[in-house]
$ cat upload_9.txt   # compact mmCIF, C-alpha atoms
# COMPACT_ATOMS: atom_id res chain seq x y z
CA MET A 132 257.02 53.94 49.69
CA ALA A 133 253.25 53.64 49.85
CA GLU A 134 251.33 54.27 46.66
CA VAL A 135 249.97 57.77 46.25
CA ALA A 136 246.42 57.91 47.49
CA PRO A 137 243.77 58.65 44.87
CA GLU A 138 241.94 61.93 45.27
CA PRO A 139 239.40 61.20 48.04
CA SER A 140 236.38 63.23 48.99
CA LEU A 141 237.46 65.68 51.66
CA LEU A 142 235.52 64.81 54.77
CA ILE A 143 234.87 67.20 57.66
CA ILE A 144 234.37 65.26 60.88
CA GLY A 145 232.87 66.83 64.00
CA GLY A 146 234.54 66.04 67.32
CA GLY A 147 232.52 64.15 69.91
CA GLY A 148 233.16 63.25 73.52
CA GLU A 149 232.29 64.65 76.87
CA THR A 150 231.17 68.19 77.59
CA VAL A 151 234.05 70.19 79.03
CA ARG A 152 234.97 73.79 79.77
CA ARG A 153 234.38 76.14 76.88
CA PRO A 154 236.89 75.65 74.03
CA LEU A 155 239.22 78.22 72.56
CA PRO A 156 237.32 81.26 71.33
CA ASP A 157 236.54 81.38 67.64
CA SER A 158 238.77 84.43 67.33
CA LEU A 159 241.80 82.26 68.08
CA HIS A 160 242.78 81.19 64.59
CA VAL A 161 245.59 82.10 62.24
CA ASN A 162 244.97 84.39 59.28
CA GLY A 163 243.58 82.37 56.40
CA GLY A 164 243.82 82.92 52.67
CA ASP A 165 246.99 83.83 50.80
CA GLY A 166 247.25 87.55 51.47
CA THR A 167 250.11 89.69 52.74
CA TYR A 168 249.48 88.81 56.40
CA SER A 169 248.29 85.24 55.85
CA TYR A 170 249.74 82.37 57.86
CA THR A 171 250.39 80.55 54.60
CA ARG A 172 252.93 83.21 53.65
CA ASN A 173 254.17 83.93 57.17
CA SER A 174 254.87 80.67 58.99
CA TYR A 175 258.36 79.81 57.79
CA PHE A 176 259.86 80.66 61.21
CA GLN A 177 257.78 77.83 62.66
CA ARG A 178 258.82 75.52 59.82
CA LEU A 179 262.52 76.22 60.33
CA ALA A 180 262.16 75.68 64.06
CA ALA A 181 260.34 72.37 63.59
CA ASN A 182 262.96 71.21 61.10
CA VAL A 183 265.55 71.40 63.90
CA VAL A 184 263.95 68.37 65.60
CA LYS A 185 263.05 66.37 62.48
CA GLY A 186 266.00 64.03 63.02
CA ARG A 187 265.04 63.53 66.66
CA ILE A 188 261.50 62.57 65.67
CA LYS A 189 262.85 60.14 63.09
CA GLY A 190 265.03 58.59 65.79
CA ALA A 191 262.08 58.28 68.17
CA ILE A 192 259.95 56.54 65.55
CA THR A 193 262.80 54.23 64.60
CA MET A 194 263.63 53.27 68.18
CA LYS A 195 260.30 53.45 70.00
CA LEU A 196 257.35 52.98 67.62
CA ASP A 197 256.38 49.34 66.99
CA VAL A 198 254.85 49.75 63.53
CA GLU A 199 254.61 45.98 63.03
CA LYS A 200 252.35 45.68 66.07
CA LEU A 201 250.30 48.76 65.22
CA SER A 202 249.61 47.43 61.72
CA SER A 203 248.86 43.86 62.82
CA THR A 204 245.08 44.35 62.79
CA SER A 205 244.83 46.76 59.85
CA ASN A 206 247.15 48.07 57.17
CA THR A 207 245.82 51.62 57.66
CA ILE A 208 247.73 53.93 60.00
CA TYR A 209 245.70 56.83 61.43
CA ILE A 210 247.67 60.04 62.05
CA ALA A 211 246.33 63.26 63.59
CA ASP A 212 247.92 66.70 63.29
CA LEU A 213 246.48 68.87 66.06
CA GLY A 214 246.48 72.63 65.46
CA CYS A 215 247.29 72.13 61.78
CA ALA A 216 246.45 75.72 60.72
CA VAL A 217 246.28 76.27 56.96
CA GLY A 218 249.53 74.84 55.60
CA PRO A 219 252.09 74.46 54.24
CA ASN A 220 253.91 73.39 57.44
CA THR A 221 251.43 70.64 58.28
CA PHE A 222 251.95 69.01 54.88
CA ASP A 223 255.73 68.90 55.32
CA ALA A 224 255.35 67.45 58.82
CA MET A 225 252.91 64.75 57.72
CA GLN A 226 255.08 63.81 54.76
CA ASP A 227 258.06 63.37 57.09
CA VAL A 228 256.17 61.36 59.71
CA ILE A 229 254.74 59.00 57.10
CA HIS A 230 258.17 58.54 55.52
CA PHE A 231 259.70 57.67 58.90
CA ILE A 232 256.90 55.20 59.68
CA GLN A 233 257.30 53.56 56.27
CA GLN A 234 261.03 53.19 56.87
CA LYS A 235 260.41 51.61 60.28
CA TYR A 236 257.89 49.19 58.78
CA THR A 237 260.42 48.13 56.13
CA LEU A 238 262.99 47.52 58.88
CA GLN A 239 260.58 45.45 60.97
CA CYS A 240 258.83 43.61 58.14
CA PRO A 241 261.29 43.32 55.23
CA GLN A 242 259.46 40.30 53.76
CA SER A 243 255.98 41.76 54.00
CA ASN A 244 253.92 42.17 50.86
CA THR A 245 251.49 44.48 52.66
CA THR A 246 251.49 48.14 51.67
CA LEU A 247 250.62 50.50 54.49
CA GLN A 248 247.90 53.06 53.90
CA PHE A 249 247.64 56.33 55.79
CA LEU A 250 244.75 58.58 56.79
CA VAL A 251 245.79 62.01 58.07
CA LEU A 252 243.25 63.83 60.23
CA PHE A 253 243.87 67.57 60.11
CA ASN A 254 242.53 69.27 63.26
CA ASP A 255 242.06 72.90 64.20
CA GLN A 256 239.41 75.27 65.49
CA PRO A 257 236.12 75.40 63.54
CA SER A 258 236.99 78.97 62.51
CA ASN A 259 240.24 77.79 60.89
CA ASP A 260 240.41 78.35 57.13
CA PHE A 261 239.97 74.72 56.12
CA ASN A 262 239.19 75.84 52.55
CA THR A 263 242.72 77.15 52.14
CA LEU A 264 244.10 74.06 53.84
CA PHE A 265 242.35 71.61 51.54
CA THR A 266 242.76 73.56 48.30
CA SER A 267 246.52 73.62 48.91
CA LEU A 268 246.84 69.90 49.71
CA PRO A 269 249.68 68.37 47.65
CA ARG A 270 248.15 66.46 44.75
CA GLU A 271 250.84 63.78 44.96
CA ARG A 272 250.71 62.60 48.54
CA PRO A 273 250.95 59.18 50.21
CA TYR A 274 247.83 59.60 52.38
CA TYR A 275 244.11 60.20 52.44
CA ALA A 276 242.99 63.41 54.15
CA ALA A 277 240.13 64.50 56.38
CA GLY A 278 239.41 67.55 58.51
CA VAL A 279 238.36 67.46 62.16
CA PRO A 280 237.21 70.85 63.53
CA GLY A 281 237.24 71.32 67.29
CA SER A 282 239.35 72.17 70.30
CA PHE A 283 242.12 69.67 71.03
CA HIS A 284 241.45 70.22 74.75
CA ARG A 285 238.50 67.85 74.34
CA ARG A 286 237.80 64.51 72.65
CA LEU A 287 238.06 64.59 68.88
CA PHE A 288 238.32 60.95 67.74
CA PRO A 289 236.82 57.52 68.55
CA GLU A 290 238.34 55.48 71.34
CA SER A 291 241.63 53.71 70.51
CA SER A 292 241.55 54.86 66.88
CA ILE A 293 244.74 56.91 66.47
CA HIS A 294 248.26 55.52 66.00
CA PHE A 295 250.28 58.74 65.85
CA VAL A 296 249.58 62.32 67.01
CA HIS A 297 251.64 65.33 65.97
CA CYS A 298 251.23 68.79 67.52
CA SER A 299 253.58 71.60 66.49
CA TYR A 300 253.46 75.17 67.79
CA ALA A 301 249.86 74.89 69.00
CA LEU A 302 249.83 73.54 72.55
CA HIS A 303 251.16 76.77 74.08
CA TRP A 304 247.74 78.31 73.34
CA LEU A 305 245.52 78.06 76.42
CA SER A 306 241.89 77.02 76.23
CA LYS A 307 240.93 80.37 77.72
CA VAL A 308 242.38 83.40 79.48
CA PRO A 309 242.64 82.71 83.23
CA GLU A 310 239.55 84.30 84.78
CA GLU A 311 241.48 85.85 87.68
CA LEU A 312 243.22 88.21 85.25
CA LEU A 313 239.95 90.12 84.70
CA ASP A 314 238.93 90.37 88.37
CA LYS A 315 239.75 93.84 89.69
CA ASN A 316 239.50 92.55 93.25
CA CYS A 317 242.02 89.77 92.67
CA GLY A 318 245.80 89.97 93.04
CA ALA A 319 246.07 88.49 89.55
CA TRP A 320 244.29 91.41 87.88
CA ASN A 321 246.63 92.13 84.97
CA LYS A 322 246.07 95.86 84.63
CA GLY A 323 248.11 97.57 81.90
CA ARG A 324 249.62 94.31 80.64
CA ILE A 325 248.52 91.74 78.07
CA HIS A 326 250.64 88.79 79.25
CA TYR A 327 252.46 87.48 82.31
CA THR A 328 255.78 88.99 81.18
CA ASN A 329 257.10 91.09 84.09
CA ALA A 330 253.79 90.59 85.90
CA PRO A 331 253.27 89.87 89.63
CA ASN A 332 253.62 86.27 90.74
CA GLU A 333 249.83 85.94 91.11
CA VAL A 334 249.48 86.53 87.36
CA VAL A 335 252.22 84.03 86.52
CA GLN A 336 250.62 81.42 88.76
CA ALA A 337 247.21 81.97 87.16
CA TYR A 338 248.71 81.26 83.75
CA ALA A 339 250.65 78.24 85.04
CA SER A 340 247.54 76.81 86.69
CA GLN A 341 245.49 77.21 83.52
CA PHE A 342 248.19 75.48 81.48
CA ALA A 343 248.30 72.54 83.92
CA LYS A 344 244.49 72.17 83.74
CA ASP A 345 244.54 72.36 79.95
CA MET A 346 247.33 69.80 79.68
CA GLU A 347 245.46 67.37 81.92
CA GLU A 348 242.39 67.63 79.70
CA PHE A 349 244.52 67.35 76.57
CA LEU A 350 246.34 64.25 77.83
CA CYS A 351 243.15 62.57 79.09
CA ALA A 352 241.49 63.10 75.71
CA ARG A 353 244.49 61.75 73.81
CA ALA A 354 244.76 58.78 76.18
CA MET A 355 241.24 57.76 75.15
CA GLU A 356 241.99 58.17 71.45
CA ILE A 357 245.52 56.79 71.00
CA VAL A 358 246.03 53.03 70.83
CA THR A 359 248.37 51.33 73.30
CA GLY A 360 251.88 51.76 71.95
CA GLY A 361 250.88 54.76 69.85
CA MET A 362 253.12 57.83 69.78
CA MET A 363 252.59 61.55 70.29
CA THR A 364 255.13 64.23 69.37
CA ILE A 365 254.82 67.79 70.66
CA ILE A 366 256.88 70.79 69.52
CA MET A 367 256.28 74.08 71.30
CA PRO A 368 258.04 77.09 72.85
CA GLY A 369 259.94 76.11 75.98
CA LEU A 370 261.59 77.84 78.92
CA PRO A 371 264.78 76.61 80.60
CA ASN A 372 264.13 75.43 84.15
CA GLU A 373 264.25 78.21 86.77
CA MET A 374 264.58 80.96 84.15
CA PRO A 375 262.13 83.91 84.40
CA TYR A 376 260.07 84.29 81.25
CA SER A 377 261.06 87.95 81.05
CA GLN A 378 264.57 86.93 79.97
CA LEU A 379 263.35 85.41 76.71
CA ALA A 380 263.44 87.39 73.48
CA ALA A 381 259.75 86.54 72.94
CA SER A 382 258.81 88.31 76.17
CA LEU A 383 259.96 91.63 74.71
CA MET A 384 257.39 91.33 71.95
CA TYR A 385 254.53 91.12 74.47
CA ASP A 386 255.96 93.89 76.67
CA PHE A 387 256.32 96.26 73.73
CA MET A 388 252.90 95.25 72.46
CA ALA A 389 251.39 96.26 75.81
CA SER A 390 253.29 99.55 75.88
CA THR A 391 252.15 100.27 72.32
CA PHE A 392 248.54 99.79 73.38
CA MET A 393 249.06 102.09 76.37
CA ASP A 394 250.56 104.75 74.07
CA MET A 395 247.38 104.54 72.03
CA VAL A 396 245.31 104.83 75.22
CA ASN A 397 247.14 108.04 76.13
CA GLU A 398 246.36 109.41 72.66
CA GLY A 399 242.67 108.52 72.98
CA LEU A 400 242.74 105.95 70.16
CA ILE A 401 241.54 103.13 72.42
CA SER A 402 240.27 102.97 75.99
CA GLU A 403 242.22 101.80 79.03
CA ASP A 404 239.46 99.28 79.79
CA GLU A 405 240.07 97.67 76.40
CA VAL A 406 243.69 97.05 77.31
CA ASP A 407 242.98 95.92 80.88
CA SER A 408 240.45 93.37 79.63
CA PHE A 409 242.75 91.89 76.97
CA ASN A 410 245.26 89.12 77.75
CA LEU A 411 247.08 86.75 75.44
CA PRO A 412 246.17 83.09 76.18
CA ILE A 413 249.76 81.91 75.68
CA TYR A 414 251.96 79.99 78.12
CA THR A 415 255.52 78.70 77.75
CA PRO A 416 256.33 75.80 80.10
CA SER A 417 259.67 74.54 81.34
CA PRO A 418 260.72 70.90 80.88
CA ALA A 419 260.09 70.34 84.59
CA GLU A 420 256.52 71.63 84.30
CA MET A 421 255.82 69.48 81.27
CA ALA A 422 257.29 66.37 82.89
CA SER A 423 255.19 67.00 85.99
CA VAL A 424 251.86 67.19 84.13
CA VAL A 425 252.63 64.11 82.03
CA GLU A 426 253.69 62.06 85.05
CA LYS A 427 250.66 63.20 87.03
CA ASN A 428 248.37 62.15 84.19
CA GLY A 429 249.94 58.71 84.16
CA HIS A 430 248.72 57.50 80.75
CA PHE A 431 251.94 58.13 78.82
CA SER A 432 255.61 57.25 79.15
CA ILE A 433 258.07 60.04 78.40
CA GLU A 434 260.48 58.85 75.71
CA MET A 435 262.01 62.24 75.00
CA LEU A 436 261.71 65.64 76.68
CA GLU A 437 264.35 68.19 75.81
CA LEU A 438 265.00 71.80 74.90
CA THR A 439 266.41 72.60 71.46
CA ASN A 440 267.29 75.73 69.54
CA PRO A 441 264.60 77.29 67.35
CA ALA A 442 266.72 77.93 64.26
CA SER A 443 264.72 80.93 63.14
CA LEU A 444 265.69 82.94 66.22
CA VAL A 445 269.19 81.63 66.90
CA ASP A 446 270.79 81.88 63.47
CA GLY A 447 271.95 85.48 63.02
CA GLN A 448 270.11 88.66 63.93
CA VAL A 449 266.39 88.80 64.50
CA ASP A 450 264.52 89.99 61.41
CA ILE A 451 262.20 92.33 63.30
CA LYS A 452 259.87 93.16 60.40
CA ALA A 453 259.38 89.48 59.52
CA TRP A 454 258.97 88.61 63.21
CA VAL A 455 256.14 91.12 63.66
CA ILE A 456 254.39 89.95 60.48
CA HIS A 457 254.61 86.34 61.69
CA VAL A 458 253.04 87.37 65.00
CA ARG A 459 250.32 89.26 63.14
CA ALA A 460 249.57 86.24 60.95
CA ALA A 461 249.07 84.10 64.05
CA MET A 462 247.29 86.55 66.37
CA GLU A 463 245.47 89.20 64.34
CA GLY A 464 242.11 87.46 64.73
CA MET A 465 242.21 87.96 68.50
CA PHE A 466 243.01 91.65 68.20
CA ILE A 467 240.26 92.29 65.65
CA LYS A 468 237.74 90.52 67.89
CA HIS A 469 238.65 92.66 70.91
CA PHE A 470 239.73 96.02 69.46
CA SER A 471 238.41 98.06 66.57
CA PRO A 472 239.76 96.68 63.27
CA ASP A 473 240.62 100.27 62.35
CA ILE A 474 243.51 100.42 64.84
CA ILE A 475 245.21 97.12 63.97
CA ASP A 476 247.47 98.45 61.19
CA GLU A 477 248.47 101.37 63.40
CA MET A 478 249.27 99.09 66.34
CA PHE A 479 251.52 96.77 64.33
CA ASP A 480 253.26 99.70 62.62
CA ARG A 481 254.03 101.26 66.01
CA LEU A 482 255.14 97.92 67.42
CA THR A 483 257.58 97.40 64.56
CA LYS A 484 259.08 100.87 65.02
CA LYS A 485 259.38 100.36 68.77
CA LEU A 486 261.20 97.04 68.34
CA PHE A 487 263.61 98.66 65.87
CA MET A 488 264.28 101.43 68.42
CA PHE A 489 265.28 98.76 70.95
CA THR A 490 267.17 96.44 68.60
CA GLU A 491 270.00 95.88 71.09
CA GLN A 492 267.52 94.82 73.77
CA VAL A 493 265.82 92.45 71.33
CA GLU A 494 269.15 90.91 70.34
CA SER A 495 270.19 90.49 73.97
CA GLY A 496 267.07 88.50 74.81
CA TYR A 497 267.71 84.83 75.57
CA LYS A 498 267.09 82.68 72.47
CA ASP A 499 269.15 79.54 73.05
CA ARG A 500 267.30 76.29 73.88
CA THR A 501 263.80 77.79 73.87
CA GLN A 502 261.99 75.09 71.92
CA LEU A 503 260.55 72.09 73.72
CA LEU A 504 260.36 68.66 72.09
CA VAL A 505 258.25 66.00 73.81
CA VAL A 506 257.81 62.41 72.62
CA LEU A 507 255.25 60.26 74.47
CA ILE A 508 254.12 56.65 74.13
CA ARG A 509 250.64 55.56 75.19
CA LYS A 510 250.97 53.01 77.98

$ encode --input "upload_9.txt" --output "structure tokens"
Amino acid sequence: MAEVAPEPSLLIIGGGGETVRRPLPDSLHVNGGDGTYSYTRNSYFQRLAANVVKGRIKGAITMKLDVEKLSSTSNTIYIADLGCAVGPNTFDAMQDVIHFIQQKYTLQCPQSNTTLQFLVLFNDQPSNDFNTLFTSLPRERPYYAAGVPGSFHRRLFPESSIHFVHCSYALHWLSKVPEELLDKNCGAWNKGRIHYTNAPNEVVQAYASQFAKDMEEFLCARAMEIVTGGMMTIIMPGLPNEMPYSQLAASLMYDFMASTFMDMVNEGLISEDEVDSFNLPIYTPSPAEMASVVEKNGHFSIEMLELTNPASLVDGQVDIKAWVIHVRAAMEGMFIKHFSPDIIDEMFDRLTKKLFMFTEQVESGYKDRTQLLVVLIRK
């Protein structure tokens, strides 16, 4: 095991690179702090889901990552966690990745007297609560730490500087809402809905097209930053091939959210225009879609691409109250930016009650094999 890094100065690094389409809006950040609806307190569903694939990531590092070669020019391994949020999940993930890399190095170089050092670059939107992230860093940790604010749909790091990239439950967020959804003269105008769940095909295609564009930019940026032979692991919601999104349990949340907003429109609490102009920038790809965008990009080899079970939704009944609070912790910033903050408590209270009223429908939603694990190697 590498020696525990001394307490370094916490550096905030600005992302550079080319000018691209506008990044994610500042409102797209998880709830900071340590309050009742904070992401710190309400992200254990994501942690449980990511733990399902921990063994698969260990296997990928053991079989596919040439740590001896990566460390041949320097004993420092640079790791980036994209969409790190505020902890604690990112700390667990980085601890695991470093442990697996150390094990692989010991296997490859059993006689080496060199001790690997690690620098972890924590990335998220500039509006992310980096104060909470850094004040909750484990004191005993085998790595140095730095923060890199910026959208991961653009360049963040110097060329050929990163050895390992991790991205968990972040890449399903689009860089922006597809513009067609707000055009009243377009077939993709998403009137009365806030997502592509049960929407016309034009809406679905607008979302799919935006995801493909975002992934191309994401992969091109990472291809510039990751060294040849470096690895990238992605964990995100996934959709079985050929399955309509409306069959997933998660789709019910967005449908009921939209109907809750429309109830509030009918009661004069919010306007219909507010609902029609609001859409969630979230997309869930199938394995086939993900394989297609990676192969089209051409800079990475696919070492693993598979659907797994997200433990938090498969094991037993859905804890509706906890589910809604988790969604609030992740999305509340968007709602406050678009709607009056005064109606947010009311909306989530109504949403919770509505989901309880339709418990059987929630339980019948498809939950098996709805988490996508992707492992890529830079060519």

$ closest_residue --input "upload_9.txt" --among "A:Met225, A:Val198, A:Leu302, A:Ile365" --to "Leu436 of chain A" --atoms "all atoms listed in the file"
A:Ile365

$ closest_residue --input "upload_9.txt" --among "A:Phe387, A:Glu434, A:Asp197, A:Trp304" --to "Met462 of chain A" --atoms "all atoms listed in the file"
A:Trp304

$ closest_residue --input "upload_9.txt" --among "A:Ala276, A:Ala389, A:Ile456, A:Ile475" --to "Ala330 of chain A" --atoms "only C-alpha atoms"
A:Ala389

$ closest_residue --input "upload_9.txt" --among "A:Gly186, A:Gly318, A:Pro309, A:Pro472" --to "Ala224 of chain A" --atoms "all atoms listed in the file"
A:Gly186

$ atom_distance --input "upload_9.txt" --atom1 "atom CA of Phe231 of chain A" --atom2 "atom CA of Ala352 of chain A"
25.4 Å

$ atom_distance --input "upload_9.txt" --atom1 "atom CA of Gly163 of chain A" --atom2 "atom CA of Leu250 of chain A"
23.8 Å

$ residues_around --input "upload_9.txt" --residues "Phe288 of chain A" --least-positions-apart "3" --cutoff "12 Å" --atoms "all atoms listed in the file" --output "PyMOL selection string"
chain A and resi 144-149+209-211+213+252-254+278-283+285+291-294+296+352-358

$ closest_residue --input "upload_9.txt" --among "A:Val455, A:Met395, A:Leu383, A:Ala460" --to "Thr167 of chain A" --atoms "all atoms listed in the file"
A:Ala460

$ closest_residue --input "upload_9.txt" --among "A:Tyr236, A:Thr415, A:Ile433, A:Phe479" --to "Thr501 of chain A" --atoms "all atoms listed in the file"
A:Thr415

$ atom_distance --input "upload_9.txt" --atom1 "atom CA of Gln378 of chain A" --atom2 "atom CA of Pro418 of chain A"
16.5 Å

$ residues_around --input "upload_9.txt" --residues "Phe295 of chain A" --least-positions-apart "6" --cutoff "6 Å" --atoms "only C-alpha atoms" --output "list of chain:residue names"
A:Ile210, A:Gly361, A:Met362, A:Met363

$ residues_near_point --input "upload_9.txt" --point "(248.0, 47.7, 59.3)" --cutoff "12 Å" --atoms "all atoms listed in the file" --output "list in words"
Asp197, Val198, Glu199, Lys200, Leu201, Ser202, Ser203, Thr204, Ser205, Asn206, Thr207, Ile208, Tyr209, Ile232, Gln233, Tyr236, Cys240, Ser243, Asn244, Thr245, Thr246, Leu247, Gln248, Phe249, Leu250 and His294 of chain A
